[in-house]
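Enquirer: Pasting target-v4.txt here (compact mmCIF, C-alpha atoms and all ligand atoms):
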```txt
# COMPACT_ATOMS: atom_id res chain seq x y z
CA MET A 109 171.65 200.93 0.40
CA LEU A 110 172.93 204.29 -0.41
CA PHE A 111 170.63 207.14 -0.19
CA SER A 112 170.59 208.88 -3.48
CA ARG A 113 169.89 212.49 -3.25
CA SER A 114 167.57 213.18 -6.08
CA ALA A 115 165.44 216.22 -6.10
CA PRO A 116 162.67 215.88 -3.59
CA SER A 117 159.20 216.15 -4.92
CA ARG A 118 158.30 218.08 -1.83
CA ALA A 119 154.84 216.77 -2.07
CA LEU A 120 153.47 217.83 1.21
CA LEU A 121 151.38 215.09 2.57
CA GLY A 122 148.87 217.35 4.10
CA GLY A 123 147.63 218.17 7.51
CA ALA A 124 145.72 214.99 8.03
CA LEU A 125 148.90 213.02 8.07
CA ILE A 126 150.74 215.44 10.15
CA VAL A 127 149.70 215.37 13.65
CA ALA A 128 151.23 216.32 16.88
CA LEU A 129 150.57 215.36 20.35
CA SER A 130 149.10 217.65 22.87
CA ALA A 131 149.61 215.18 25.58
CA GLY A 132 146.38 214.88 27.40
CA LEU A 133 147.29 212.51 30.14
CA THR A 134 144.60 210.96 32.16
CA GLY A 135 146.13 210.93 35.55
CA CYS A 136 148.87 208.60 36.47
CA GLY A 137 146.95 205.53 37.40
CA SER A 138 146.78 202.33 35.51
CA GLU A 139 145.14 203.74 32.45
CA ALA A 140 147.07 204.25 29.30
CA PRO A 141 147.66 207.92 28.63
CA ALA A 142 145.02 209.40 26.44
CA VAL A 143 146.74 210.82 23.47
CA THR A 144 145.18 213.82 21.90
CA VAL A 145 146.05 214.25 18.30
CA ASP A 146 146.21 217.73 17.02
CA SER A 147 147.57 219.53 14.07
CA ASP A 148 150.90 221.14 14.60
CA GLU A 149 152.88 223.34 12.34
CA SER A 150 156.15 222.36 13.99
CA LEU A 151 156.17 219.00 12.23
CA THR A 152 155.94 218.58 8.50
CA LEU A 153 156.05 215.30 6.66
CA ILE A 154 157.38 215.22 3.13
CA ASP A 155 157.45 212.16 0.92
CA HIS A 156 160.32 211.67 -1.47
CA PRO A 157 158.64 208.96 -3.50
CA GLY A 158 160.39 205.64 -3.37
CA GLU A 159 163.19 207.00 -1.26
CA ALA A 160 162.43 208.58 2.02
CA LEU A 161 159.87 210.07 4.31
CA GLU A 162 161.19 213.31 5.66
CA PHE A 163 160.14 214.82 8.94
CA VAL A 164 160.88 218.50 9.20
CA ILE A 165 160.85 219.58 12.80
CA GLY A 166 161.18 223.15 13.96
CA PRO A 167 161.91 225.95 13.96
CA VAL A 168 163.75 226.60 17.18
CA ASP A 169 166.13 229.35 18.20
CA LEU A 170 169.27 228.15 19.88
CA PRO A 171 171.34 230.69 21.78
CA ALA A 172 175.08 230.05 22.05
CA ASP A 173 175.88 227.50 24.74
CA GLY A 174 172.26 227.54 25.75
CA PRO A 175 170.34 224.82 27.51
CA HIS A 176 168.97 221.80 25.73
CA ILE A 177 165.63 222.41 24.15
CA ARG A 178 163.30 219.48 24.18
CA LEU A 179 160.37 219.90 21.86
CA PRO A 180 156.96 218.66 22.83
CA MET A 181 156.48 215.08 21.77
CA GLN A 182 155.13 214.88 18.26
CA TRP A 183 153.21 212.31 16.30
CA ALA A 184 153.50 211.34 12.71
CA LYS A 185 151.08 209.00 11.04
CA LEU A 186 152.63 206.83 8.39
CA PRO A 187 151.01 207.38 5.00
CA PHE A 188 151.60 203.96 3.45
CA ASP A 189 153.03 200.49 3.93
CA ALA A 190 156.78 200.41 3.47
CA TYR A 191 160.00 198.90 4.67
CA MET A 192 162.43 201.15 6.42
CA HIS A 193 166.08 200.61 5.62
CA GLY A 194 167.73 203.36 7.57
CA PHE A 195 167.77 207.04 8.15
CA GLU A 196 169.77 210.19 7.76
CA TRP A 197 169.33 213.67 9.10
CA GLU A 198 170.56 217.19 8.76
CA ILE A 199 170.15 220.44 10.61
CA ARG A 200 169.20 223.32 8.38
CA SER A 201 168.09 226.87 8.61
CA GLY A 202 164.69 227.95 7.38
CA GLY A 203 166.48 229.14 4.26
CA GLY A 204 167.90 225.70 3.60
CA GLU A 205 171.46 226.30 4.68
CA VAL A 206 173.04 223.25 6.29
CA LEU A 207 173.97 223.97 9.89
CA PRO A 208 176.29 222.09 12.27
CA ALA A 209 175.03 218.67 13.32
CA ASP A 210 176.04 219.57 16.86
CA LEU A 211 172.75 221.42 17.16
CA LEU A 212 170.85 218.16 17.50
CA HIS A 213 171.17 216.44 20.84
CA HIS A 214 169.04 213.50 19.89
CA VAL A 215 165.87 212.41 18.22
CA ASN A 216 164.04 209.24 19.15
CA LEU A 217 161.27 207.45 17.32
CA ILE A 218 158.89 205.36 19.35
CA ASP A 219 156.04 203.18 18.16
CA PRO A 220 153.39 203.22 20.88
CA ASP A 221 151.30 200.54 19.19
CA ASN A 222 153.88 197.82 19.40
CA ARG A 223 155.92 196.55 22.27
CA GLU A 224 159.54 195.84 22.86
CA LEU A 225 160.97 192.38 22.41
CA PHE A 226 162.09 191.78 25.97
CA THR A 227 159.84 194.13 27.86
CA PRO A 228 156.23 195.30 27.65
CA ILE A 229 157.02 198.95 26.98
CA SER A 230 156.41 200.63 23.65
CA ARG A 231 158.81 199.86 20.84
CA ARG A 232 161.93 201.94 20.50
CA VAL A 233 162.25 202.26 16.76
CA LEU A 234 165.42 204.25 16.56
CA ALA A 235 167.56 206.79 18.26
CA ALA A 236 169.79 209.21 16.47
CA GLY A 237 172.17 211.86 17.67
CA ARG A 238 175.28 213.72 16.76
CA GLU A 239 177.24 210.54 16.42
CA ASN A 240 175.02 208.79 13.99
CA GLN A 241 173.84 211.01 11.26
CA ARG A 242 173.02 208.16 8.98
CA GLU A 243 172.44 204.47 9.40
CA SER A 244 171.37 201.84 6.99
CA ILE A 245 170.70 198.18 6.71
CA PRO A 246 170.82 196.15 3.53
CA GLY A 247 167.84 196.43 1.22
CA VAL A 248 167.12 192.73 1.59
CA ILE A 249 165.92 193.36 5.11
CA GLY A 250 163.71 196.12 6.39
CA PHE A 251 161.63 197.28 9.30
CA PRO A 252 157.95 197.17 8.30
CA LEU A 253 156.13 200.47 8.49
CA GLU A 254 152.36 200.22 8.36
CA GLU A 255 149.98 202.64 6.79
CA GLY A 256 148.30 204.56 9.54
CA GLY A 257 150.94 203.49 12.02
CA ARG A 258 151.79 206.07 14.60
CA MET A 259 155.26 207.26 15.34
CA LEU A 260 156.12 209.29 18.39
CA ILE A 261 158.98 211.65 17.80
CA ALA A 262 161.03 213.04 20.66
CA THR A 263 163.47 215.71 19.63
CA MET A 264 166.03 217.55 21.68
CA PHE A 265 168.16 220.34 20.32
CA GLY A 266 171.24 221.74 21.95
CA ASN A 267 173.83 224.34 21.14
CA PRO A 268 177.30 223.64 22.47
CA LEU A 269 178.74 226.04 19.93
CA GLY A 270 179.75 229.53 20.84
CA GLU A 271 177.43 231.12 18.38
CA ASP A 272 173.72 231.84 18.23
CA TYR A 273 171.55 229.99 15.75
CA ALA A 274 168.03 231.01 14.89
CA ASP A 275 165.33 229.42 12.75
CA VAL A 276 166.78 225.93 13.12
CA TYR A 277 165.10 222.85 11.69
CA LEU A 278 165.77 219.15 11.92
CA HIS A 279 165.32 217.34 8.62
CA PHE A 280 165.02 213.66 9.40
CA LYS A 281 164.65 211.15 6.58
CA LEU A 282 163.45 207.62 7.03
CA LYS A 283 164.76 205.71 4.05
CA TYR A 284 162.21 203.27 2.75
CA SER A 285 161.14 201.02 -0.04
CA ARG A 286 157.48 200.52 -0.76
CA ALA A 287 155.99 197.19 0.09
CA ASP A 288 155.24 195.13 -3.01
CA GLU A 289 157.23 197.36 -5.24
CA GLY A 290 159.93 194.80 -5.93
CA LEU A 291 159.73 191.18 -6.93
CA ILE A 292 160.01 190.14 -3.36
CA ASN A 293 159.60 192.09 -0.20
CA PRO A 294 162.51 192.48 2.15
CA MET A 295 162.72 190.17 5.12
CA ALA A 296 161.07 191.87 8.06
CA VAL A 297 163.35 192.77 10.93
CA TYR A 298 162.54 194.56 14.15
CA PRO A 299 164.53 196.61 16.58
CA PHE A 300 165.12 195.53 20.14
CA TYR A 301 166.55 197.18 23.18
CA LEU A 302 167.69 195.82 26.52
CA ASP A 303 169.11 197.72 29.47
CA VAL A 304 170.88 196.56 32.61
CA MET A 305 168.58 198.88 34.53
CA GLY A 306 165.46 197.23 33.23
CA PHE A 307 162.88 199.18 31.35
CA ASP A 308 161.52 201.71 33.78
CA GLY A 309 163.15 204.53 35.64
CA VAL A 310 166.54 206.02 35.12
CA LYS A 311 169.08 204.20 33.09
CA ASP A 312 172.28 205.34 34.72
CA PHE A 313 173.73 204.20 38.00
CA GLU A 314 176.62 204.89 40.30
CA VAL A 315 179.89 203.17 39.50
CA PRO A 316 181.90 202.65 42.70
CA PRO A 317 185.68 202.41 42.77
CA GLY A 318 187.03 199.04 41.71
CA HIS A 319 185.08 196.28 40.06
CA SER A 320 181.32 196.29 39.78
CA GLU A 321 178.74 194.85 37.50
CA ARG A 322 175.08 195.08 36.76
CA SER A 323 172.73 192.79 34.99
CA TYR A 324 169.13 192.35 34.04
CA THR A 325 167.34 189.22 32.96
CA ALA A 326 164.34 188.98 30.67
CA ARG A 327 162.62 186.76 28.14
CA PRO A 328 161.97 187.70 24.54
CA GLY A 329 158.31 187.72 23.59
CA VAL A 330 158.85 185.54 20.55
CA ASP A 331 161.49 183.17 19.21
CA ALA A 332 163.83 185.28 17.13
CA ARG A 333 167.21 185.52 15.51
CA ILE A 334 169.45 188.42 16.39
CA LEU A 335 170.91 189.76 13.15
CA GLY A 336 172.84 192.68 14.50
CA ILE A 337 173.73 193.98 17.90
CA GLY A 338 175.54 196.90 19.46
CA GLY A 339 175.70 198.59 22.79
CA HIS A 340 176.21 201.61 24.95
CA VAL A 341 178.28 202.04 28.09
CA HIS A 342 180.07 204.81 29.94
CA ASP A 343 183.68 205.36 31.00
CA TYR A 344 185.43 202.49 32.76
CA ALA A 345 183.16 199.81 31.40
CA THR A 346 185.24 196.78 30.58
CA GLU A 347 182.67 194.46 29.11
CA LEU A 348 179.11 194.35 27.85
CA ARG A 349 177.54 191.02 27.03
CA LEU A 350 174.33 189.14 26.39
CA GLU A 351 174.14 185.62 27.68
CA ASP A 352 171.75 182.76 28.07
CA ALA A 353 170.80 183.09 31.72
CA THR A 354 170.39 179.36 32.20
CA SER A 355 173.31 177.87 30.33
CA GLY A 356 175.62 180.82 30.70
CA GLU A 357 176.40 180.68 27.00
CA VAL A 358 177.54 184.08 25.81
CA LEU A 359 175.66 185.18 22.69
CA TRP A 360 177.51 188.44 22.29
CA ARG A 361 180.33 190.15 24.07
CA ALA A 362 182.04 193.45 23.42
CA GLU A 363 184.87 195.30 25.02
CA PRO A 364 184.39 199.03 24.78
CA GLU A 365 186.95 200.95 22.81
CA VAL A 366 188.88 203.57 24.70
CA ASN A 367 191.08 206.38 23.49
CA GLU A 368 194.56 207.30 24.69
CA ALA A 369 193.08 209.16 27.59
CA GLY A 370 191.24 206.06 28.69
CA ARG A 371 187.84 207.51 27.86
CA MET A 372 185.14 205.45 26.32
CA VAL A 373 184.82 205.90 22.60
CA GLY A 374 182.29 203.29 21.66
CA VAL A 375 181.16 199.72 21.77
CA PRO A 376 181.99 197.59 18.75
CA SER A 377 178.89 196.16 17.18
CA SER A 378 178.45 192.81 15.52
CA LYS A 379 176.31 191.30 12.90
CA PHE A 380 175.37 187.71 12.63
CA ILE A 381 173.41 187.73 9.44
CA LEU A 382 175.82 185.45 7.67
CA GLN A 383 175.23 182.83 10.31
CA LEU A 384 171.51 183.51 10.06
CA GLY A 385 171.54 185.07 13.42
CA LYS A 386 171.88 184.14 17.05
CA LYS A 387 168.75 182.35 18.10
CA ILE A 388 166.84 183.38 21.17
CA TYR A 389 163.78 181.61 22.50
CA LYS A 390 160.80 182.92 24.37
CA ASP A 391 160.94 180.10 26.89
CA ARG A 392 164.48 180.97 27.86
CA GLU A 393 165.88 183.82 29.86
CA TYR A 394 168.64 186.11 28.69
CA ARG A 395 170.84 188.33 30.73
CA ILE A 396 172.51 191.56 29.79
CA VAL A 397 175.62 192.19 31.86
CA VAL A 398 177.89 195.20 32.07
CA GLU A 399 181.14 195.21 34.03
CA TYR A 400 183.00 198.25 35.25
CA GLU A 401 186.51 198.69 36.57
CA ASN A 402 186.72 202.13 38.08
CA PRO A 403 190.36 203.12 38.71
CA LEU A 404 189.41 206.21 40.69
CA ASP A 405 188.93 206.26 44.41
CA VAL A 406 185.61 207.99 43.95
CA PRO A 407 182.49 207.00 42.01
CA ALA A 408 182.84 207.49 38.26
CA PRO A 409 181.91 211.09 37.44
CA ASP A 410 179.77 210.11 34.50
CA MET A 411 177.97 207.30 36.29
CA GLY A 412 177.43 204.09 34.41
CA MET A 413 175.12 202.67 31.81
CA GLY A 414 174.74 199.38 30.04
CA ALA A 415 172.39 198.92 27.12
CA ILE A 416 172.15 196.73 24.07
CA GLY A 417 170.30 197.51 20.87
CA GLY A 418 169.93 195.45 17.79
CA VAL A 419 167.68 193.99 15.17
CA VAL A 420 165.98 190.62 15.11
CA ALA A 421 163.95 188.56 12.68
CA ILE A 422 161.09 186.48 13.98
CA MET A 423 161.73 182.75 13.78
CA GLY A 424 159.34 180.40 12.07
CA ASP A 425 155.71 181.39 12.24
CA GLY A 426 156.07 183.11 15.55
CA GLU A 427 154.19 186.29 16.19
CA TRP A 428 155.33 189.37 17.96
CA PRO A 429 153.28 189.63 21.13
CA PRO A 430 150.77 192.45 21.04
CA TYR A 431 151.31 195.34 23.37
CA ASP A 432 149.02 195.61 26.34
CA PRO A 433 147.80 199.17 26.84
CA ASN A 434 146.82 198.32 30.38
CA ASP A 435 150.13 196.87 31.40
CA PRO A 436 151.33 199.09 34.25
CA ALA A 437 154.85 199.09 32.85
CA TYR A 438 153.61 200.17 29.43
CA VAL A 439 151.51 202.93 30.95
CA LEU A 440 154.26 204.19 33.19
CA ASP A 441 156.77 204.20 30.40
CA LEU A 442 154.50 206.01 27.96
CA ASN A 443 153.64 208.58 30.59
CA ASN A 444 157.30 209.14 31.26
CA THR A 445 158.02 209.41 27.58
CA ILE A 446 155.26 211.85 26.85
CA THR A 447 155.91 214.05 29.83
CA ALA A 448 159.65 214.07 29.32
CA PRO A 449 159.62 217.50 27.71
CA ASP A 450 158.23 218.91 30.90
CA ARG A 451 160.82 217.40 33.11
CA MET A 452 164.27 218.52 33.95
CA GLU A 453 167.09 217.36 31.84
CA GLY A 454 169.36 214.90 33.56
CA HIS A 455 173.01 215.07 34.20
CA GLY A 456 173.44 214.71 30.53
CA HIS A 457 176.29 213.09 28.94
CA GLY A 458 179.78 214.02 29.68
CA GLY A 459 180.69 213.76 26.09
CA SER A 460 183.23 211.19 26.99
CA HIS A 461 181.39 208.04 26.41
CA GLY A 462 180.64 208.14 22.78
CA HIS A 463 176.98 208.05 23.02
CA GLY A 464 175.05 207.71 19.89
CA ALA A 465 177.94 206.24 18.11
CA SER A 466 178.11 203.54 20.60
CA THR A 467 174.81 202.59 21.91
CA MET A 468 171.95 201.24 20.04
CA ASP A 469 172.56 203.83 17.48
CA ASP A 470 175.32 201.79 16.21
CA MET A 471 173.95 198.70 14.68
CA GLU A 472 176.35 197.51 12.14
CA MET A 473 174.84 195.37 9.54
CA PRO A 474 176.36 193.50 6.65
CA ALA A 475 176.73 194.59 3.09
CA GLY A 476 178.59 197.65 3.99
CA GLY A 477 175.70 198.95 5.93
CA GLU A 478 176.43 201.55 8.46
CA GLY A 479 174.22 200.16 11.05
CA MET A 480 170.98 201.09 12.42
CA GLU A 481 169.74 201.17 15.82
CA MET A 482 166.44 199.77 16.50
CA PRO A 483 165.22 198.59 19.78
CA ALA A 484 162.51 196.05 19.50
CA ALA A 485 159.55 194.57 21.02
CA GLY A 486 159.06 192.32 23.62
CA ASP A 487 158.18 189.92 26.00
CA ALA A 488 155.92 189.69 28.92
CA THR A 489 153.38 187.39 27.55
CA ASP A 490 151.36 187.74 30.69
CA GLY A 491 151.58 191.41 31.00
CA ALA A 492 153.70 191.57 34.07
CA PRO A 493 157.21 192.84 33.86
CA GLU A 494 159.27 189.74 33.74
CA GLY A 495 162.77 190.86 34.08
CA GLU A 496 164.65 191.10 37.27
CA ALA A 497 167.24 193.67 37.92
CA GLU A 498 170.31 192.30 39.53
CA GLY A 499 172.67 195.06 40.32
CA THR A 500 175.67 193.91 42.23
CA GLU A 501 176.45 197.32 43.47
CA PRO A 502 176.03 198.31 47.04
CA ALA A 503 172.43 199.08 47.69
CA GLY A 504 171.07 202.52 47.84
CA HIS A 505 172.94 203.89 44.93
CA HIS A 506 170.16 204.26 42.51
CA PRO A 507 169.70 207.77 41.37
CA GLU A 508 166.40 209.35 42.07
CA PRO A 509 163.72 207.93 39.91
CA GLU A 510 162.99 209.52 36.62
CA LYS A 511 162.00 212.92 37.81
CA GLY A 512 165.11 214.98 37.96
CA GLY A 513 166.04 212.85 35.10
CA GLY A 514 169.11 210.89 34.74
CA HIS A 515 169.10 209.76 31.32
CA GLU A 516 166.17 208.05 29.94
CA HIS A 517 167.82 206.08 27.36
CA GLY A 518 165.36 203.41 26.88
CA GLY A 519 162.69 205.76 26.28
CA GLU A 520 163.43 209.12 25.56
CA GLU A 521 167.00 209.71 25.20
CA GLY A 522 168.23 206.75 23.31
CA SER A 523 171.21 208.27 21.81
CA GLY A 524 171.77 211.57 23.22
CA GLN A 525 175.17 212.87 23.47
CA GLY A 526 175.84 214.95 26.37
CA ASP A 527 175.86 218.33 27.62
CA GLY A 528 179.42 217.94 26.78
CU CU B 1 174.74 206.96 28.54
```
Is it possible to give me this structure as structure tokens?
Expert:
Amino acid sequence: MLFSRSAPSRALLGGALIVALSAGLTGCGSEAPAVTVDSDESLTLIDHPGEALEFVIGPVDLPADGPHIRLPMQWAKLPFDAYMHGFEWEIRSGGGEVLPADLLHHVNLIDPDNRELFTPISRRVLAAGRENQRESIPGVIGFPLEEGGRMLIATMFGNPLGEDYADVYLHFKLKYSRADEGLINPMAVYPFYLDVMGFDGVKDFEVPPGHSERSYTARPGVDARILGIGGHVHDYATELRLEDATSGEVLWRAEPEVNEAGRMVGVPSSKFILQLGKKIYKDREYRIVVEYENPLDVPAPDMGMGAIGGVVAIMGDGEWPPYDPNDPAYVLDLNNTITAPDRMEGHGHGGSHGHGASTMDDMEMPAGGEGMEMPAAGDATDGAPEGEAEGTEPAGHHPEPEKGGGHEHGGEEGSGQGDG
């Protein structure tokens, strides 16, 4: 579904729809963070009727080679029911001039009112960065957006260019079709996300010399069919796969692409829509596995990651499990997500491991689609985190938890590219 660039109506949707978060967290206990909704002039929502909802985020000033600038988390409230079919974004000046895409580090959309497929944390809707400026899925499928639905938006700018930029805005368009506007609605699909490090804490880990692997096992919250899948790894990864933890059957396997220099370029993605998807069942366990072969005699400089993102359709009359606002994992994750702007940036990405382009930002879908990354909702029917991390690395190599921030892919940093 190509995005046709007709003249925007620039119908501003008004302050009531445009809200931002002034994160009022109620401690760090087991209560869900209280989210204070406030008006905020740094986020504007523009509807391009029948085409796209555009978030305009900014302005920020970005000094040459300056530090990453993470904006406070923002909220948008969706103005109507629709199906999302992809996105595209641009960086522009206040005067409308298109600026280099390098000025965006990443932007992540999170739906706090739905959960992930495999884990009880809030739904990762999409992650975009320098490597994926546009993604789309065929018009016959779409991610349902609900009127009044809340979308958390985490934006990080960066300026690796040797030149100052001032008055910089992100223009992010969610491409949509209105529900009930056609003869039939698209088939609903949902994003999902699974990480070898589980769903809380940092997402990168030390990669020792030689062979190592990491895995994580979890159950989906509903029977589903995987329609598209992609992944994200760092240098020296040799394989990323998703398998049935009981039978060992491999549902998806990818070997990362490397360039002449041996650096990771990306993870090939796959789509299964023509086979009606790879079925996964809520009473079965699935394991994500990443393998590394580090040729150095020291730990890999960029550390390691292993994550899968894709889209699923619910099977039969199954229902996505509701999120549990009191689930400790949900609470912890949302707290981490909301407070991320206040925390230190992590080691960032070395720029060598093809981030956005590779990880869940890279969902290829049929019909010439460019792919869309959408993590999905989850599992944990009884509220407790169900997965088990199974790193095979020597113990004691986990980076410090969250605080000093490694990357927070699952949550916050889905697609970021690095500090280069
Ligand atoms: Cu990474």
Enquirer: Can you measure atom CA of Met192 of chain A to atom CA of Pro246 of chain A for me? One decimal in Å is fine.
Expert: 10.2 Å
Enquirer: Could you list, as a PyMOL selection string, every residue within 12 Å of Pro317 of chain A, counting all atoms listed in the file and ignoring same-chain residues fewer than 4 positions away?
Expert: chain A and resi 321+344-345+400-409+411-412+501-502
Enquirer: Which is closest to Gly385 of chain A among A:Gly339, A:Gly418, A:Pro180, A:Pro167, if we use all atoms listed in the file?
Expert: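 Under the stated criterion, the closest residue is A:Gly418.
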Enquirer: If we count all atoms listed in the file, what is near Val398 of chain A at a cut-off of 7 Å, once residues fewer than 6 positions away on the same chain are taken out, given as a list in words?
Expert: Glu321, Arg322, Ser323, Glu347, Leu348, Arg349 and Gly414 of chain A
Enquirer: Return the single residue from A:Tyr284, A:Trp360, A:Tyr273, A:Tyr324 that is closest to Val206 of chain A, with distances computed using only C-alpha atoms.
Expert: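 Nearest candidate to Val206 of chain A out of A:Tyr284, A:Trp360, A:Tyr273, A:Tyr324: A:Tyr273.
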Enquirer: In Å, with one decimal, what is the gap from atom CA of Ser320 of chain A to atom CA of Gly306 of chain A?
Expert: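 Distance reported for this atom pair: 17.2 Å.
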Enquirer: With only C-alpha atoms and all ligand atoms as the atoms that count, which of A:Lys185, A:His340, A:Arg258, A:Arg232 lies nearest to ligand CU 1 (chain B)?
Expert: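 Counting only C-alpha atoms and all ligand atoms, the residue closest to ligand CU 1 (chain B) is A:His340.
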Enquirer: For each of A:Lys386, A:Val439, A:Met413, A:Thr354, take the minimum atom-to-atom distance to Met372 of chain A, counting all atoms listed in the file, then give the residue where this is smallest.
Expert: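 Checking each of A:Lys386, A:Val439, A:Met413, A:Thr354 against Met372 of chain A, counting all atoms listed in the file, the winner is A:Met413.
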Enquirer: If we count all atoms listed in the file and set the cut-off at 8 Å, which residues sit around Arg392 of chain A, ignoring sequence neighbours fewer than 6 positions away in its own chain? Please answer as a VMD selection string.
Expert: chain A and resid 327 to 328 352 to 354
Enquirer: Next, write the just-selected residues to a file, as a compact mmCIF listing (two decimals), in the frame of the given file, keeping C-alpha atoms as the atom set.
Expert:
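Result written to out31.txt:
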```txt
# COMPACT_ATOMS: atom_id res chain seq x y z
CA ARG A 327 162.62 186.76 28.14
CA PRO A 328 161.97 187.70 24.54
CA ASP A 352 171.75 182.76 28.07
CA ALA A 353 170.80 183.09 31.72
CA THR A 354 170.39 179.36 32.20
```
